[in-house]
$ cat structure.cif   # mmCIF, C-alpha atoms
data_input
#
loop_
_atom_site.label_atom_id
_atom_site.label_comp_id
_atom_site.auth_asym_id
_atom_site.auth_seq_id
_atom_site.Cartn_x
_atom_site.Cartn_y
_atom_site.Cartn_z
CA MET A 183 140.67 161.23 28.38
CA HIS A 184 139.42 163.61 25.73
CA ASP A 185 136.41 165.87 26.11
CA PRO A 186 133.56 163.71 24.67
CA LYS A 187 132.06 166.65 22.77
CA TYR A 188 135.45 167.64 21.34
CA LEU A 189 136.04 164.00 20.39
CA ARG A 190 132.72 163.79 18.54
CA ASP A 191 133.13 167.11 16.76
CA ASN A 192 136.83 166.76 15.87
CA LEU A 193 137.36 163.05 15.32
CA ASP A 194 139.27 163.44 12.05
CA LEU A 195 141.50 166.15 13.52
CA ILE A 196 142.32 164.01 16.58
CA ARG A 197 143.03 161.01 14.37
CA THR A 198 145.41 163.04 12.21
CA SER A 199 147.12 164.65 15.21
CA LEU A 200 147.81 161.30 16.87
CA GLU A 201 149.15 159.59 13.71
CA ARG A 202 151.23 156.57 14.84
CA ARG A 203 150.11 156.89 18.48
CA GLY A 204 146.56 156.07 17.44
CA ARG A 205 147.15 153.13 15.14
CA ASP A 206 145.38 150.65 17.43
CA VAL A 207 142.37 152.92 18.03
CA PRO A 208 139.19 151.69 16.21
CA TRP A 209 138.41 155.03 14.63
CA ASP A 210 135.68 153.69 12.33
CA THR A 211 133.91 152.15 15.33
CA ILE A 212 134.12 155.45 17.20
CA GLN A 213 132.64 157.25 14.20
CA ARG A 214 129.81 154.72 13.93
CA LEU A 215 129.05 154.91 17.64
CA SER A 216 129.19 158.72 17.58
CA ASP A 217 126.71 158.80 14.68
CA GLU A 218 124.52 156.26 16.48
CA ARG A 219 124.60 158.32 19.66
CA ARG A 220 123.61 161.45 17.75
CA THR A 221 120.71 159.64 16.07
CA LEU A 222 119.44 158.09 19.32
CA THR A 223 119.74 161.41 21.17
CA THR A 224 117.67 163.11 18.48
CA GLN A 225 115.04 160.35 18.66
CA VAL A 226 114.79 160.64 22.45
CA GLU A 227 114.41 164.43 22.24
CA GLN A 228 111.68 164.12 19.60
CA LEU A 229 109.81 161.48 21.61
CA ARG A 230 110.04 163.56 24.79
CA HIS A 231 108.58 166.48 22.88
CA GLU A 232 105.83 164.18 21.61
CA LEU A 233 105.23 162.92 25.16
CA LYS A 234 104.93 166.46 26.54
CA LYS A 235 102.57 167.45 23.75
CA GLY A 236 100.47 164.31 24.34
CA SER A 237 100.40 164.91 28.10
CA ASP A 238 99.14 168.45 27.51
CA ASP A 239 96.44 167.03 25.19
CA VAL A 240 95.34 164.51 27.85
CA ALA A 241 95.14 167.29 30.45
CA GLN A 242 93.00 169.45 28.13
CA ARG A 243 90.65 166.51 27.41
CA ARG A 244 90.22 165.87 31.12
CA ARG A 245 89.47 169.52 31.81
CA ALA A 246 86.91 169.46 28.97
CA LYS A 247 85.51 166.12 30.34
CA LEU A 248 86.31 164.43 26.99
CA PRO A 249 87.42 160.77 26.57
CA ALA A 250 91.19 160.47 27.13
CA ASP A 251 91.79 156.70 27.29
CA GLU A 252 93.07 156.43 23.72
CA ALA A 253 95.47 159.38 24.18
CA ILE A 254 96.70 157.97 27.51
CA GLU A 255 97.39 154.60 25.88
CA ALA A 256 99.31 156.31 23.07
CA MET A 257 101.45 158.18 25.62
CA LYS A 258 102.23 154.90 27.40
CA HIS A 259 103.61 153.55 24.13
CA VAL A 260 105.67 156.73 23.67
CA GLY A 261 107.03 156.39 27.23
CA GLU A 262 107.98 152.74 26.60
CA ARG A 263 109.65 153.75 23.34
CA ILE A 264 111.66 156.46 25.20
CA LYS A 265 112.77 153.93 27.82
CA GLU A 266 113.89 151.49 25.10
CA ILE A 267 115.89 154.10 23.16
CA GLU A 268 117.41 155.54 26.34
CA GLY A 269 118.64 152.03 27.17
CA ARG A 270 120.25 151.74 23.74
CA LEU A 271 121.71 155.23 24.17
CA ARG A 272 123.27 154.27 27.53
CA ASP A 273 124.79 151.15 26.00
CA THR A 274 126.18 153.16 23.09
CA GLU A 275 127.66 155.81 25.38
CA GLU A 276 129.22 153.18 27.67
CA THR A 277 130.83 151.46 24.69
CA LEU A 278 132.01 154.78 23.29
CA ASN A 279 133.47 155.86 26.65
CA SER A 280 135.22 152.51 27.05
CA ILE A 281 136.93 152.95 23.68
CA ALA A 282 137.65 156.63 24.36
CA LEU A 283 139.62 155.62 27.46
CA ARG A 284 142.09 153.91 25.11
CA ILE A 285 142.78 156.98 22.96
CA PRO A 286 146.16 158.60 23.77
CA ASN A 287 146.55 162.23 24.70
CA LEU A 288 147.21 164.78 21.97
CA PRO A 289 150.83 165.99 21.78
CA HIS A 290 151.57 169.63 22.50
CA HIS A 291 152.46 171.69 19.41
CA THR A 292 156.10 171.95 20.59
CA VAL A 293 156.58 168.16 20.60
CA PRO A 294 158.79 167.01 17.70
CA GLN A 295 157.32 164.58 15.18
CA GLY A 296 159.02 161.19 15.11
CA SER A 297 158.50 157.45 15.24
CA ASP A 298 160.88 156.33 18.01
CA SER A 299 163.61 157.38 20.45
CA THR A 300 166.11 158.05 17.66
CA GLU A 301 164.07 161.14 16.76
CA ASN A 302 163.98 162.67 20.24
CA ILE A 303 165.52 166.15 20.43
CA GLU A 304 168.33 166.95 22.84
CA VAL A 305 167.65 170.13 24.84
CA ARG A 306 170.78 170.48 26.99
CA ARG A 307 173.66 168.65 28.66
CA TRP A 308 175.18 169.14 32.08
CA GLY A 309 178.40 167.93 33.67
CA THR A 310 181.66 166.45 32.47
CA ILE A 311 181.84 162.83 31.37
CA PRO A 312 184.51 161.13 33.53
CA CYS A 313 187.72 159.80 32.02
CA PHE A 314 189.09 156.58 33.48
CA SER A 315 192.62 155.17 33.41
CA PHE A 316 191.07 151.70 33.27
CA PRO A 317 188.13 150.07 31.45
CA PRO A 318 185.04 151.09 33.50
CA LYS A 319 183.07 148.17 34.88
CA PRO A 320 179.28 147.78 34.82
CA HIS A 321 177.52 148.42 38.11
CA TRP A 322 176.61 144.78 38.72
CA GLU A 323 180.26 143.74 38.63
CA ILE A 324 181.20 146.63 40.94
CA GLY A 325 178.37 145.86 43.38
CA GLU A 326 178.97 142.12 43.48
CA ALA A 327 182.73 142.58 43.99
CA LEU A 328 182.04 144.97 46.88
CA GLY A 329 179.52 142.57 48.39
CA ILE A 330 176.65 145.06 48.28
CA LEU A 331 174.58 143.62 45.40
CA ASP A 332 173.31 140.04 45.21
CA PHE A 333 171.30 138.95 42.20
CA ASP A 334 171.68 135.18 42.70
CA ARG A 335 170.01 135.19 46.11
CA ALA A 336 167.32 137.57 44.81
CA ALA A 337 166.57 135.06 42.04
CA LYS A 338 166.35 132.29 44.64
CA ILE A 339 163.93 134.34 46.74
CA ALA A 340 161.75 135.79 43.97
CA GLY A 341 163.04 135.14 40.45
CA ALA A 342 164.64 137.07 37.61
CA ARG A 343 164.67 140.88 37.59
CA PHE A 344 164.94 141.26 41.36
CA ALA A 345 167.90 142.39 43.46
CA VAL A 346 169.08 142.22 47.06
CA LEU A 347 171.08 145.18 48.38
CA SER A 348 173.06 144.76 51.58
CA GLY A 349 175.47 146.69 53.78
CA ALA A 350 176.62 149.94 52.19
CA GLY A 351 174.45 149.22 49.13
CA ALA A 352 171.26 149.13 51.20
CA LYS A 353 172.42 152.15 53.18
CA MET A 354 173.13 154.18 50.04
CA GLU A 355 169.68 153.33 48.65
CA ARG A 356 168.16 154.65 51.87
CA ALA A 357 170.50 157.65 51.87
CA LEU A 358 169.43 158.57 48.34
CA ILE A 359 165.75 158.36 49.29
CA ASP A 360 166.25 160.57 52.36
CA TYR A 361 168.39 163.06 50.45
CA MET A 362 165.90 163.38 47.57
CA LEU A 363 162.90 163.78 49.86
CA ASP A 364 164.71 166.30 52.05
CA LEU A 365 165.71 168.41 49.05
CA HIS A 366 162.24 168.35 47.49
CA THR A 367 160.43 169.17 50.73
CA ASN A 368 162.85 171.61 52.36
CA ARG A 369 164.08 173.51 49.31
CA HIS A 370 161.64 172.90 46.46
CA GLY A 371 158.40 173.23 48.42
CA TYR A 372 156.77 169.83 47.91
CA ARG A 373 154.58 168.21 50.57
CA GLU A 374 155.64 164.66 51.38
CA ILE A 375 153.08 161.88 50.98
CA LEU A 376 153.21 158.28 52.17
CA SER A 377 150.56 156.48 50.16
CA PRO A 378 149.20 152.96 49.70
CA VAL A 379 151.00 150.84 47.13
CA LEU A 380 147.85 148.80 46.47
CA VAL A 381 145.15 150.71 44.60
CA ASN A 382 141.77 149.97 43.06
CA ARG A 383 140.74 149.88 39.41
CA GLN A 384 139.25 153.38 39.43
CA THR A 385 142.56 154.82 40.65
CA MET A 386 144.52 153.08 37.89
CA THR A 387 141.98 154.31 35.32
CA GLY A 388 142.27 157.88 36.57
CA THR A 389 145.95 158.20 35.61
CA GLY A 390 145.70 156.23 32.36
CA GLN A 391 147.19 152.83 33.27
CA LEU A 392 143.81 151.17 32.72
CA PRO A 393 142.23 149.89 30.65
CA LYS A 394 144.96 149.93 27.99
CA PHE A 395 147.97 148.66 29.97
CA GLU A 396 146.51 146.04 32.29
CA GLU A 397 148.97 143.40 31.05
CA ASP A 398 151.87 145.51 32.37
CA LEU A 399 150.48 145.58 35.92
CA PHE A 400 150.65 143.19 38.86
CA ARG A 401 147.13 142.40 40.11
CA LEU A 402 146.02 140.52 43.22
CA ARG A 403 144.43 137.18 42.49
CA ASP A 404 141.43 137.43 44.83
CA GLU A 405 140.91 141.21 44.93
CA ASP A 406 140.59 143.85 42.22
CA TRP A 407 143.65 145.65 43.57
CA PHE A 408 146.81 146.49 41.67
CA LEU A 409 150.39 147.07 42.81
CA ILE A 410 151.35 150.57 41.72
CA PRO A 411 153.84 151.05 38.87
CA THR A 412 154.69 154.53 40.20
CA ALA A 413 153.65 156.88 43.03
CA GLU A 414 152.07 159.06 40.33
CA VAL A 415 149.03 156.78 40.53
CA PRO A 416 147.99 157.13 44.19
CA VAL A 417 149.26 160.70 44.60
CA THR A 418 147.42 162.08 41.55
CA ASN A 419 144.25 160.35 42.73
CA LEU A 420 144.41 162.07 46.12
CA HIS A 421 142.16 164.73 44.59
CA ARG A 422 139.96 162.49 42.44
CA GLU A 423 136.33 163.71 42.35
CA GLU A 424 137.35 166.97 44.06
CA MET A 425 136.73 170.64 43.31
CA LEU A 426 139.82 172.66 44.19
CA SER A 427 139.97 176.39 44.78
CA GLU A 428 142.30 178.27 42.43
CA ASP A 429 144.06 179.91 45.36
CA ARG A 430 145.26 176.45 46.46
CA LEU A 431 147.06 175.92 43.16
CA PRO A 432 149.68 174.91 42.38
CA ILE A 433 149.67 171.89 44.69
CA ARG A 434 152.97 170.00 44.77
CA TYR A 435 153.56 166.58 46.31
CA THR A 436 156.53 164.25 46.57
CA ALA A 437 156.46 160.60 47.54
CA CYS A 438 158.79 157.63 47.66
CA THR A 439 157.26 154.23 47.05
CA PRO A 440 158.28 150.83 45.83
CA CYS A 441 157.13 150.46 42.22
CA PHE A 442 156.07 147.22 40.57
CA ARG A 443 156.17 146.51 36.84
CA ARG A 444 155.80 143.30 34.89
CA GLU A 445 158.06 144.70 32.15
CA ALA A 446 155.99 142.89 29.55
CA GLY A 447 157.68 143.04 26.17
CA SER A 448 161.09 143.93 27.62
CA TYR A 449 162.57 140.46 27.60
CA GLY A 450 166.15 140.53 26.42
CA LYS A 451 166.57 144.19 27.45
CA ASP A 452 168.74 145.07 30.46
CA THR A 453 168.57 141.54 31.79
CA ARG A 454 171.51 142.16 34.12
CA GLY A 455 171.74 144.68 36.91
CA LEU A 456 169.37 147.24 38.40
CA ILE A 457 168.15 149.06 35.29
CA ARG A 458 164.95 147.09 34.62
CA LEU A 459 163.55 145.33 37.69
CA HIS A 460 160.08 144.12 38.64
CA GLN A 461 160.39 146.02 41.95
CA PHE A 462 162.30 149.24 42.56
CA ASN A 463 162.13 152.43 44.63
CA LYS A 464 161.35 155.79 43.10
CA VAL A 465 160.89 159.32 44.42
CA GLU A 466 158.07 160.99 42.50
CA LEU A 467 157.08 164.62 42.00
CA VAL A 468 153.41 165.42 41.28
CA ALA A 469 151.85 168.82 40.61
CA PHE A 470 148.34 170.21 40.06
CA THR A 471 148.01 173.63 38.47
CA THR A 472 145.90 175.84 36.22
CA PRO A 473 146.06 175.39 32.43
CA ASP A 474 147.78 178.75 31.85
CA ARG A 475 150.69 177.85 34.16
CA SER A 476 151.21 174.16 33.45
CA TYR A 477 154.10 174.49 30.99
CA ASP A 478 155.95 176.80 33.36
CA GLU A 479 155.36 174.14 36.00
CA LEU A 480 156.81 171.48 33.69
CA GLU A 481 160.05 173.45 33.40
CA ARG A 482 160.14 173.97 37.16
CA LEU A 483 159.51 170.31 37.97
CA THR A 484 162.12 169.16 35.45
CA GLY A 485 164.63 171.53 37.00
CA HIS A 486 163.97 170.05 40.44
CA ALA A 487 164.69 166.54 39.13
CA GLU A 488 167.87 167.81 37.43
CA SER A 489 169.10 169.42 40.66
CA ILE A 490 169.50 165.98 42.24
CA LEU A 491 171.94 164.92 39.53
CA GLN A 492 173.75 168.25 39.67
CA ASN A 493 174.23 167.97 43.43
CA LEU A 494 175.50 164.41 42.98
CA ASN A 495 177.77 165.68 40.19
CA LEU A 496 176.48 163.11 37.71
CA PRO A 497 176.62 164.10 34.02
CA TYR A 498 173.27 163.99 32.21
CA ARG A 499 171.31 165.35 29.30
CA VAL A 500 167.67 166.38 28.81
CA VAL A 501 165.73 165.35 25.70
CA THR A 502 162.25 166.18 24.45
CA LEU A 503 160.45 162.98 23.50
CA CYS A 504 159.04 162.85 19.99
CA THR A 505 155.43 161.90 19.27
CA GLY A 506 156.30 158.24 18.68
CA ASP A 507 158.19 157.84 21.98
CA MET A 508 155.82 159.62 24.35
CA GLY A 509 153.75 157.93 27.02
CA PHE A 510 150.03 157.31 26.54
CA SER A 511 148.78 160.10 28.84
CA SER A 512 151.43 162.74 28.17
CA ALA A 513 151.07 165.94 26.15
CA LYS A 514 154.79 166.68 26.47
CA THR A 515 157.65 164.82 28.14
CA TYR A 516 161.25 165.59 28.96
CA ASP A 517 163.48 162.61 29.65
CA ILE A 518 166.51 163.16 31.84
CA GLU A 519 169.24 160.69 30.90
CA VAL A 520 172.27 160.05 33.12
CA TRP A 521 175.68 159.00 31.75
CA LEU A 522 176.64 155.35 32.31
CA PRO A 523 180.37 154.79 31.59
CA SER A 524 180.07 151.01 31.13
CA GLN A 525 177.60 151.52 28.28
CA GLY A 526 179.16 154.68 26.89
CA GLN A 527 175.75 156.32 26.62
CA TYR A 528 173.06 158.25 28.45
CA ARG A 529 170.21 156.23 29.99
CA GLU A 530 166.86 157.46 31.25
CA ILE A 531 166.65 158.22 34.95
CA SER A 532 163.57 160.47 34.97
CA SER A 533 160.59 161.32 32.79
CA CYS A 534 158.89 164.66 33.48
CA SER A 535 155.51 165.09 31.83
CA ASN A 536 152.63 167.51 31.47
CA PHE A 537 149.36 165.63 31.01
CA GLU A 538 147.32 168.83 30.64
CA SER A 539 143.67 167.94 31.48
CA PHE A 540 143.92 164.33 30.23
CA GLN A 541 144.24 162.68 33.66
CA ALA A 542 142.10 165.27 35.44
CA ARG A 543 139.20 164.56 33.10
CA ARG A 544 139.45 160.82 33.78
CA ALA A 545 139.74 161.39 37.54
CA ASN A 546 137.32 164.36 37.58
CA ILE A 547 139.69 166.82 39.28
CA LYS A 548 138.47 170.39 38.79
CA TYR A 549 139.07 173.84 40.18
CA ARG A 550 137.12 177.08 40.42
CA ALA A 551 138.71 180.41 39.63
CA GLY A 552 138.18 183.47 41.77
CA GLY A 553 138.95 181.87 45.12
CA GLY A 554 136.52 178.99 44.59
CA LYS A 555 133.34 181.08 44.41
CA LYS A 556 130.39 178.97 43.29
CA GLU A 557 129.43 181.38 40.52
CA ALA A 558 132.84 180.83 38.88
CA LYS A 559 132.82 178.28 36.08
CA PRO A 560 134.71 175.08 37.00
CA ASP A 561 137.48 173.77 34.78
CA PHE A 562 139.81 170.77 34.85
CA VAL A 563 143.23 171.22 36.44
CA HIS A 564 146.39 170.26 34.60
CA THR A 565 148.42 167.48 36.20
CA LEU A 566 152.17 166.89 35.93
CA ASN A 567 154.62 164.40 37.32
CA GLY A 568 158.25 163.37 37.11
CA SER A 569 160.73 161.04 38.74
CA GLY A 570 162.83 162.90 41.20
CA LEU A 571 164.57 160.38 40.83
CA ALA A 572 164.47 156.62 40.16
CA VAL A 573 166.54 155.55 43.16
CA GLY A 574 168.04 152.33 41.80
CA ARG A 575 169.16 153.98 38.58
CA THR A 576 170.75 156.79 40.61
CA LEU A 577 172.66 154.15 42.57
CA VAL A 578 173.75 152.61 39.27
CA ALA A 579 175.05 155.98 38.06
CA ILE A 580 177.00 156.56 41.28
CA LEU A 581 178.62 153.12 41.23
CA GLU A 582 179.73 153.54 37.63
CA ASN A 583 180.75 157.22 37.59
CA TYR A 584 182.51 157.14 40.98
CA GLN A 585 184.30 153.78 40.59
CA GLN A 586 188.01 153.69 41.43
CA PRO A 587 190.92 151.58 40.09
CA ASP A 588 191.05 149.56 43.34
CA GLY A 589 187.37 148.60 43.02
CA SER A 590 186.12 151.01 45.66
CA VAL A 591 183.45 153.67 45.01
CA VAL A 592 183.71 157.27 46.21
CA ILE A 593 180.54 158.53 47.88
CA PRO A 594 179.29 161.90 46.56
CA ASP A 595 179.77 164.73 49.04
CA VAL A 596 176.06 165.46 49.57
CA LEU A 597 175.36 161.84 50.55
CA ARG A 598 178.11 161.53 53.14
CA PRO A 599 176.06 162.98 56.02
CA TYR A 600 173.42 160.33 55.22
CA MET A 601 176.12 157.62 55.14
CA GLY A 602 177.52 158.29 58.61
CA GLY A 603 180.35 160.42 57.22
CA LYS A 604 181.76 157.54 55.15
CA GLU A 605 183.73 158.75 52.12
CA ARG A 606 183.86 155.59 50.03
CA ILE A 607 182.47 152.11 49.72
CA VAL A 608 185.06 149.35 50.03
CA LYS A 609 184.75 145.59 50.00
CA GLU A 610 183.10 144.43 53.21
#
$ encode --input "structure.cif" --output "structure tokens"
Amino acid sequence: MHDPKYLRDNLDLIRTSLERRGRDVPWDTIQRLSDERRTLTTQVEQLRHELKKGSDDVAQRRRAKLPADEAIEAMKHVGERIKEIEGRLRDTEETLNSIALRIPNLPHHTVPQGSDSTENIEVRRWGTIPCFSFPPKPHWEIGEALGILDFDRAAKIAGARFAVLSGAGAKMERALIDYMLDLHTNRHGYREILSPVLVNRQTMTGTGQLPKFEEDLFRLRDEDWFLIPTAEVPVTNLHREEMLSEDRLPIRYTACTPCFRREAGSYGKDTRGLIRLHQFNKVELVAFTTPDRSYDELERLTGHAESILQNLNLPYRVVTLCTGDMGFSSAKTYDIEVWLPSQGQYREISSCSNFESFQARRANIKYRAGGGKKEAKPDFVHTLNGSGLAVGRTLVAILENYQQPDGSVVIPDVLRPYMGGKERIVKE
């Protein structure tokens, strides 16, 4: 969310900066409401001044034992007028705030201009793309042949865009989760969190999912609770409505949760396999820091996500998302894309973003400099998060990049201790 004063004073600048990202924002309505708010605020201030002046006049009349009934009656009318205009002012501010919650974050000056993913900028590549002596198969064919993936029974149980993993498939999913969490906690310094996966409306609003993206969320029928689309939501809101001391920052958390997404508007995309499911596991990295260090933190967090792929020896690239491809709340995002041999292209496996103060303002997460002394002026923290990594997509990348001519899949070295020492997956 934008600073309301900055929004009022710089509406044209914000509108220009957002360009395509702000096409569905009712800018004219915001301008009208801002002007209305300014007018009503001025009227209230003038009437309060009139009320104070009238009250002083009544007091003087009483001290001088002069009639004051007419002046008292006039002040009652002024008070009623103030109450009426204050009510209109509250309504105007509520409407303005409701619309402001739908305005995307401003892109950082280093974000490339562009309309869609074709205009993202590649930053770097890592690893060697594997060469096969046979046509590489897609992961769903590999998994079904090995007996570790079952999409038909998942459809029977739940419907389309669900999967059942069994045997070595289920074990590798668990191994990946344990490995990622161990690396992030033991080596990278994150504190592990196990959070609820059902959250309230205020929590979803704090990270930017509501009100704009309600159609993409799963909501309980009889309660105003939502299934989380990512651990970013509950973990960021751990410090909602809190004042943090600067000496506690940066705060770094990691969490693995199931994630739930309706995937509205994605019909026809990735209809087979594990790439785009309604339910999937993801290890998330979340950080809170001061504004002057947040872009250093973005590089650090992105590097931690990359290290998983490097240790698994999976080729990938990092791209900077352009303005037209960025998420609603992000000021800058790096996508990490892993190589999938069956598709002959890189596919997203992690998005690492700096939201600057956008989420913190919505969730009211502040800090005080100088060790938290009360005389220090509070400011909003900067929040960041990134997938470290999407577990199902990592499994996809392993199945495809480590597939063998006989249909088996070699298990990456770092996962073998988590797989009971097993070196490859064979048909069960």
$ axis_aligned_box --input "structure.cif" --around "range 225-228 of chain A" --padding-each-side "4 Å" --output "AutoDock Vina command-line options"
--center_x 113.4 --center_y 162.4 --center_z 20.6 --size_x 11.4 --size_y 12.1 --size_z 11.8
$ residues_around --input "structure.cif" --residues "His291 in chain A" --least-positions-apart "3" --cutoff "9 Å" --atoms "all atoms listed in the file" --output "PyMOL selection string"
chain A and resi 294+513-514
$ residues_around --input "structure.cif" --residues "Asp251 in chain A" --least-positions-apart "3" --cutoff "12 Å" --atoms "only C-alpha atoms" --output "ChimeraX atom specification"
/A:236-237,239-241,243-244,247-248,254-258
$ atom_distance --input "structure.cif" --atom1 "CA of Arg214 in chain A" --atom2 "CA of Ile267 in chain A"
16.7 Å
$ resolve_selection --input "structure.cif" --expression "the PyMOL selection byres ((chain A and resi 435) around 7)" --output "list of chain:residue names"
A:Tyr372, A:Arg373, A:Glu374, A:Ile375, A:Ile433, A:Arg434, A:Thr436, A:Ala437, A:Leu467, A:Val468, A:Ala469
$ residues_around --input "structure.cif" --residues "range 388-400 of chain A" --least-positions-apart "4" --cutoff "7 Å" --atoms "all atoms listed in the file" --output "PyMOL selection string"
chain A and resi 284+384+408-409+415+419+442-446+511+541+544-545
$ build_atoms --input "structure.cif" --residues "range 528-542 of chain A" --atoms "N, CA and C atoms" --output "PDB file, in the frame of the given file"
ATOM      1  N   TYR A 528     174.001 157.734  27.462  1.00  0.00           N
ATOM      2  CA  TYR A 528     173.060 158.250  28.450  1.00  0.00           C
ATOM      3  C   TYR A 528     171.859 157.302  28.539  1.00  0.00           C
ATOM      4  N   ARG A 529     171.385 157.081  29.775  1.00  0.00           N
ATOM      5  CA  ARG A 529     170.210 156.230  29.990  1.00  0.00           C
ATOM      6  C   ARG A 529     169.184 156.975  30.848  1.00  0.00           C
ATOM      7  N   GLU A 530     167.930 156.750  30.552  1.00  0.00           N
ATOM      8  CA  GLU A 530     166.860 157.460  31.250  1.00  0.00           C
ATOM      9  C   GLU A 530     166.882 157.219  32.749  1.00  0.00           C
ATOM     10  N   ILE A 531     166.745 158.309  33.505  1.00  0.00           N
ATOM     11  CA  ILE A 531     166.650 158.220  34.950  1.00  0.00           C
ATOM     12  C   ILE A 531     165.425 158.957  35.474  1.00  0.00           C
ATOM     13  N   SER A 532     164.786 159.750  34.597  1.00  0.00           N
ATOM     14  CA  SER A 532     163.570 160.470  34.970  1.00  0.00           C
ATOM     15  C   SER A 532     162.805 160.863  33.727  1.00  0.00           C
ATOM     16  N   SER A 533     161.476 160.758  33.809  1.00  0.00           N
ATOM     17  CA  SER A 533     160.590 161.320  32.790  1.00  0.00           C
ATOM     18  C   SER A 533     159.707 162.348  33.463  1.00  0.00           C
ATOM     19  N   CYS A 534     159.682 163.563  32.919  1.00  0.00           N
ATOM     20  CA  CYS A 534     158.890 164.660  33.480  1.00  0.00           C
ATOM     21  C   CYS A 534     157.851 165.060  32.448  1.00  0.00           C
ATOM     22  N   SER A 535     156.579 164.945  32.819  1.00  0.00           N
ATOM     23  CA  SER A 535     155.510 165.090  31.830  1.00  0.00           C
ATOM     24  C   SER A 535     154.425 166.055  32.276  1.00  0.00           C
ATOM     25  N   ASN A 536     153.853 166.742  31.288  1.00  0.00           N
ATOM     26  CA  ASN A 536     152.630 167.510  31.470  1.00  0.00           C
ATOM     27  C   ASN A 536     151.510 166.736  30.789  1.00  0.00           C
ATOM     28  N   PHE A 537     150.488 166.385  31.553  1.00  0.00           N
ATOM     29  CA  PHE A 537     149.360 165.630  31.010  1.00  0.00           C
ATOM     30  C   PHE A 537     148.210 166.545  30.624  1.00  0.00           C
ATOM     31  N   GLU A 538     148.396 167.859  30.843  1.00  0.00           N
ATOM     32  CA  GLU A 538     147.320 168.830  30.640  1.00  0.00           C
ATOM     33  C   GLU A 538     146.073 168.337  31.382  1.00  0.00           C
ATOM     34  N   SER A 539     144.902 168.341  30.768  1.00  0.00           N
ATOM     35  CA  SER A 539     143.670 167.940  31.480  1.00  0.00           C
ATOM     36  C   SER A 539     143.330 166.461  31.279  1.00  0.00           C
ATOM     37  N   PHE A 540     144.217 165.709  30.617  1.00  0.00           N
ATOM     38  CA  PHE A 540     143.920 164.330  30.230  1.00  0.00           C
ATOM     39  C   PHE A 540     143.613 163.451  31.440  1.00  0.00           C
ATOM     40  N   GLN A 541     144.483 163.473  32.459  1.00  0.00           N
ATOM     41  CA  GLN A 541     144.240 162.680  33.660  1.00  0.00           C
ATOM     42  C   GLN A 541     143.127 163.290  34.503  1.00  0.00           C
ATOM     43  N   ALA A 542     143.104 164.607  34.603  1.00  0.00           N
ATOM     44  CA  ALA A 542     142.100 165.270  35.440  1.00  0.00           C
ATOM     45  C   ALA A 542     140.689 164.993  34.949  1.00  0.00           C
TER      46      ALA A 542
END
